[in-house]
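Report on one structure; see the data block that follows.
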Amino acid sequence: METTELRELITAPGDFASVYLDASHDTEDAEHALQLRWQEIRSGLEDQGADRATVEELEQAVLAGAKPVGTAGRALIASAGRVLLDTWLPVPPPTPIVRWSSLPYLLPLASQNVPPVPYVVVIMDRIGADLRGYSSSGELAGKATVDGKDFPVHRSPGPDGRT
């Protein structure tokens, strides 16, 4: 996750609903299980004093939003009737986390935030290679081609010593 995704949270007004839930869609009754989880979350938000508009926006996001394939968690943060953050988590929380407070609750999100790693892809054959370097955001950062000798090309011996 890029921290720019959190920028809107800094300037948003008022109290925040922070919700972390198991959004897995890996069983036959996954939709029903999600509705039951939402009822529990909704009750928790209402008990903590969350405003109606914020709760309804969260409900729309949770129940009508995209569904993952397999196991996944979901983090949602809303304020003043708007969902400010809606992101998938690689690991669902063991129990739903529901908070209504003056600041967004970001610790569960930060604990699962694995920073992306830059990487290099190498495509090679017996006479050369193409290299491509990618930034941590997945953008092409550079590329190079390495040429080897194309004559004579010899096969490497196999495990039995034959070529």
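Chain lettering (A, B, ...) mirrors the order of the structure tokens, residue numbering begins at 1 for each chain separately, and ligand numbering begins at 1 in order of display.
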Taking only chain A into account, list the residues labelled strand (DSSP E or B) by DSSP (computed from the backbone), as a ChimeraX atom specification. /A:16-22,25,70,73-79,82-89,97-101,119-125,128-134,140-147
Those in chain A with alpha helix (DSSP H) from DSSP, as a PyMOL selection string: chain A and resi 7-11+30-47+52-64+107-112
Counting only C-alpha atoms, which residues of stretch 18-59 of chain A sit at most 12 Å from some atom of stretch 65-82 of chain A, and what is each one's closest atom pair with its distance in Å to one decimal, listed by chain and rising residue number, as JSON lines?
{"residue": "A:Ser18", "atom": "CA", "partner": "A:Ile77", "partner_atom": "CA", "distance": 4.5}
{"residue": "A:Val19", "atom": "CA", "partner": "A:Leu76", "partner_atom": "CA", "distance": 5.1}
{"residue": "A:Tyr20", "atom": "CA", "partner": "A:Ala75", "partner_atom": "CA", "distance": 4.6}
{"residue": "A:Leu21", "atom": "CA", "partner": "A:Arg74", "partner_atom": "CA", "distance": 5.4}
{"residue": "A:Asp22", "atom": "CA", "partner": "A:Gly73", "partner_atom": "CA", "distance": 4.6}
{"residue": "A:Ala23", "atom": "CA", "partner": "A:Gly73", "partner_atom": "CA", "distance": 5.1}
{"residue": "A:Ser24", "atom": "CA", "partner": "A:Thr71", "partner_atom": "CA", "distance": 4.3}
{"residue": "A:His25", "atom": "CA", "partner": "A:Gly70", "partner_atom": "CA", "distance": 5.2}
{"residue": "A:Asp26", "atom": "CA", "partner": "A:Gly70", "partner_atom": "CA", "distance": 4.5}
{"residue": "A:Thr27", "atom": "CA", "partner": "A:Gly70", "partner_atom": "CA", "distance": 8.3}
{"residue": "A:Glu28", "atom": "CA", "partner": "A:Gly70", "partner_atom": "CA", "distance": 11.3}
{"residue": "A:Ala30", "atom": "CA", "partner": "A:Lys67", "partner_atom": "CA", "distance": 9.7}
{"residue": "A:Glu31", "atom": "CA", "partner": "A:Lys67", "partner_atom": "CA", "distance": 9.1}
{"residue": "A:Leu34", "atom": "CA", "partner": "A:Lys67", "partner_atom": "CA", "distance": 10.1}
{"residue": "A:Ile41", "atom": "CA", "partner": "A:Leu76", "partner_atom": "CA", "distance": 11.6}
{"residue": "A:Leu45", "atom": "CA", "partner": "A:Ala78", "partner_atom": "CA", "distance": 11.4}
{"residue": "A:Ala50", "atom": "CA", "partner": "A:Ser79", "partner_atom": "CA", "distance": 9.1}
{"residue": "A:Asp51", "atom": "CA", "partner": "A:Ala80", "partner_atom": "CA", "distance": 7.6}
{"residue": "A:Arg52", "atom": "CA", "partner": "A:Gly81", "partner_atom": "CA", "distance": 7.8}
{"residue": "A:Ala53", "atom": "CA", "partner": "A:Gly81", "partner_atom": "CA", "distance": 4.5}
{"residue": "A:Thr54", "atom": "CA", "partner": "A:Gly81", "partner_atom": "CA", "distance": 3.8}
{"residue": "A:Val55", "atom": "CA", "partner": "A:Gly81", "partner_atom": "CA", "distance": 7.4}
{"residue": "A:Glu56", "atom": "CA", "partner": "A:Gly81", "partner_atom": "CA", "distance": 7.6}
{"residue": "A:Glu57", "atom": "CA", "partner": "A:Gly81", "partner_atom": "CA", "distance": 6.1}
{"residue": "A:Leu58", "atom": "CA", "partner": "A:Ala78", "partner_atom": "CA", "distance": 7.1}
{"residue": "A:Glu59", "atom": "CA", "partner": "A:Gly65", "partner_atom": "CA", "distance": 9.3}
Just the selected residues (N, CA and C atoms), exported as a compact mmCIF listing (two decimals), in the first residue's frame, please.
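The resulting file, out15.txt, is reproduced below:
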# COMPACT_ATOMS: atom_id res chain seq x y z
N SER A 18 -13.72 2.50 11.92
CA SER A 18 -12.65 1.64 11.42
C SER A 18 -13.12 0.20 11.56
N VAL A 19 -13.17 -0.52 10.44
CA VAL A 19 -13.71 -1.88 10.42
C VAL A 19 -12.72 -2.81 9.72
N TYR A 20 -12.40 -3.91 10.38
CA TYR A 20 -11.54 -4.95 9.81
C TYR A 20 -12.31 -6.25 9.94
N LEU A 21 -12.49 -6.96 8.82
CA LEU A 21 -13.31 -8.17 8.86
C LEU A 21 -12.77 -9.25 7.95
N ASP A 22 -13.24 -10.47 8.21
CA ASP A 22 -12.96 -11.60 7.35
C ASP A 22 -13.94 -11.52 6.19
N ALA A 23 -13.44 -11.26 4.99
CA ALA A 23 -14.29 -11.13 3.81
C ALA A 23 -14.14 -12.34 2.89
N SER A 24 -13.64 -13.43 3.43
CA SER A 24 -13.38 -14.63 2.63
C SER A 24 -14.63 -15.09 1.88
N HIS A 25 -14.40 -15.54 0.68
CA HIS A 25 -15.49 -16.04 -0.15
C HIS A 25 -15.05 -17.41 -0.66
N ASP A 26 -14.90 -18.35 0.29
CA ASP A 26 -14.33 -19.64 -0.04
C ASP A 26 -15.21 -20.83 0.36
N THR A 27 -16.46 -20.57 0.71
CA THR A 27 -17.39 -21.63 1.06
C THR A 27 -18.71 -21.40 0.36
N GLU A 28 -19.56 -22.42 0.37
CA GLU A 28 -20.85 -22.32 -0.30
C GLU A 28 -21.75 -21.26 0.35
N ALA A 30 -20.75 -18.49 1.88
CA ALA A 30 -19.93 -17.30 2.12
C ALA A 30 -20.76 -16.02 2.16
N GLU A 31 -21.73 -15.89 1.29
CA GLU A 31 -22.54 -14.67 1.24
C GLU A 31 -23.36 -14.52 2.52
N LEU A 34 -21.08 -13.57 5.40
CA LEU A 34 -20.72 -12.15 5.33
C LEU A 34 -21.85 -11.28 5.88
N ILE A 41 -21.08 -6.33 13.04
CA ILE A 41 -20.30 -5.09 12.91
C ILE A 41 -21.22 -3.88 13.03
N LEU A 45 -20.99 -0.80 15.74
CA LEU A 45 -20.87 0.62 15.38
C LEU A 45 -21.99 1.45 16.01
N ALA A 50 -21.87 5.49 16.24
CA ALA A 50 -21.59 5.89 14.86
C ALA A 50 -22.83 6.50 14.22
N ASP A 51 -22.62 7.50 13.36
CA ASP A 51 -23.76 8.14 12.69
C ASP A 51 -24.33 7.22 11.61
N ARG A 52 -25.60 7.40 11.35
CA ARG A 52 -26.35 6.53 10.45
C ARG A 52 -25.80 6.53 9.02
N ALA A 53 -25.45 7.71 8.50
CA ALA A 53 -24.96 7.82 7.12
C ALA A 53 -23.66 7.03 6.92
N THR A 54 -22.77 7.09 7.91
CA THR A 54 -21.51 6.36 7.81
C THR A 54 -21.75 4.86 7.84
N VAL A 55 -22.62 4.42 8.74
CA VAL A 55 -22.93 2.99 8.85
C VAL A 55 -23.55 2.49 7.55
N GLU A 56 -24.44 3.26 6.96
CA GLU A 56 -25.10 2.83 5.71
C GLU A 56 -24.12 2.77 4.54
N GLU A 57 -23.17 3.70 4.48
CA GLU A 57 -22.16 3.65 3.42
C GLU A 57 -21.26 2.43 3.58
N LEU A 58 -20.90 2.12 4.82
CA LEU A 58 -20.10 0.93 5.07
C LEU A 58 -20.87 -0.33 4.68
N GLU A 59 -22.15 -0.37 5.02
CA GLU A 59 -22.97 -1.52 4.68
C GLU A 59 -23.01 -1.73 3.17
Test item: residues at most 6 Å from stretch 126-132 of chain A, only C-alpha atoms, excluding those fewer than 6 positions along its chain, as a compact mmCIF listing (two decimals) with all heavy atoms, in the first residue's frame:
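File produced: result_38.txt:
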# COMPACT_ATOMS: atom_id res chain seq x y z
N VAL A 120 13.88 -8.06 -10.63
CA VAL A 120 14.44 -8.16 -11.97
C VAL A 120 13.92 -9.44 -12.61
O VAL A 120 13.89 -10.49 -11.97
CB VAL A 120 15.99 -8.20 -11.93
CG1 VAL A 120 16.57 -8.43 -13.32
CG2 VAL A 120 16.54 -6.92 -11.33
N GLY A 142 14.09 -0.19 -15.96
CA GLY A 142 15.21 -0.26 -16.89
C GLY A 142 15.26 -1.62 -17.55
O GLY A 142 14.67 -2.59 -17.08
N LYS A 143 15.98 -1.68 -18.68
CA LYS A 143 16.11 -2.95 -19.36
C LYS A 143 17.46 -3.01 -20.05
O LYS A 143 18.08 -1.99 -20.36
CB LYS A 143 14.97 -3.19 -20.34
CG LYS A 143 14.81 -2.15 -21.43
CD LYS A 143 13.58 -2.46 -22.25
CE LYS A 143 13.38 -1.39 -23.32
NZ LYS A 143 12.23 -1.68 -24.15
N ALA A 144 17.92 -4.23 -20.26
CA ALA A 144 19.22 -4.44 -20.91
C ALA A 144 19.18 -5.76 -21.66
O ALA A 144 18.40 -6.66 -21.33
CB ALA A 144 20.34 -4.45 -19.87
N THR A 145 20.04 -5.86 -22.66
CA THR A 145 20.19 -7.10 -23.41
C THR A 145 21.65 -7.50 -23.35
O THR A 145 22.55 -6.66 -23.50
CB THR A 145 19.76 -6.90 -24.88
OG1 THR A 145 18.40 -6.52 -24.90
CG2 THR A 145 19.95 -8.16 -25.69
N VAL A 146 21.88 -8.77 -23.11
CA VAL A 146 23.23 -9.31 -23.06
C VAL A 146 23.35 -10.33 -24.17
O VAL A 146 22.55 -11.27 -24.25
CB VAL A 146 23.52 -9.97 -21.70
CG1 VAL A 146 24.91 -10.59 -21.68
CG2 VAL A 146 23.35 -8.97 -20.57
N ASP A 147 24.32 -10.11 -25.06
CA ASP A 147 24.55 -11.05 -26.16
C ASP A 147 25.78 -11.89 -25.85
O ASP A 147 26.81 -11.37 -25.44
CB ASP A 147 24.75 -10.31 -27.48
CG ASP A 147 23.49 -9.60 -27.94
OD1 ASP A 147 22.40 -10.21 -27.78
OD2 ASP A 147 23.57 -8.46 -28.42
N GLY A 148 25.64 -13.18 -26.10
CA GLY A 148 26.77 -14.08 -25.96
C GLY A 148 27.27 -14.46 -27.33
O GLY A 148 26.84 -13.91 -28.35
N LYS A 149 28.18 -15.40 -27.37
CA LYS A 149 28.68 -15.88 -28.65
C LYS A 149 27.64 -16.80 -29.26
O LYS A 149 27.08 -17.66 -28.58
CB LYS A 149 29.99 -16.62 -28.45
CG LYS A 149 31.11 -15.73 -27.96
CD LYS A 149 32.37 -16.51 -27.80
CE LYS A 149 33.46 -15.62 -27.27
NZ LYS A 149 34.70 -16.35 -27.03
N ASP A 150 27.35 -16.58 -30.53
CA ASP A 150 26.35 -17.43 -31.16
C ASP A 150 26.97 -18.58 -31.96
O ASP A 150 26.28 -19.40 -32.53
CB ASP A 150 25.40 -16.62 -32.03
CG ASP A 150 26.09 -15.90 -33.17
OD1 ASP A 150 27.33 -15.93 -33.22
OD2 ASP A 150 25.37 -15.31 -33.99
Pick from A:Arg37, A:Asp29, A:Ala64, A:Leu109 nearest to A:Thr95, counting only C-alpha atoms: A:Arg37
Rounded to one decimal place, report the atom CA of A:Gln35-atom CA of A:Pro13 distance in Å.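 Distance between the two atoms: 28.8 Å.
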Name the closest residue to A:Thr87 among the candidates A:Ala141, A:Leu6, A:Tyr134, A:Arg42; distances are taken between atoms, counting only C-alpha atoms.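 Using only C-alpha atoms, A:Thr87 sits closest to A:Leu6.
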Could you check how far atom CA of A:Ser137 sits from atom CA of A:Trp88, in Å to one decimal?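 So the answer is 16.9 Å.
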State, in Å with one decimal place, the distance from atom CA of A:Val62 to atom CA of A:Trp38.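 Taking atom CA of A:Val62 as the start and atom CA of A:Trp38 as the end point, the length is 7.5 Å.
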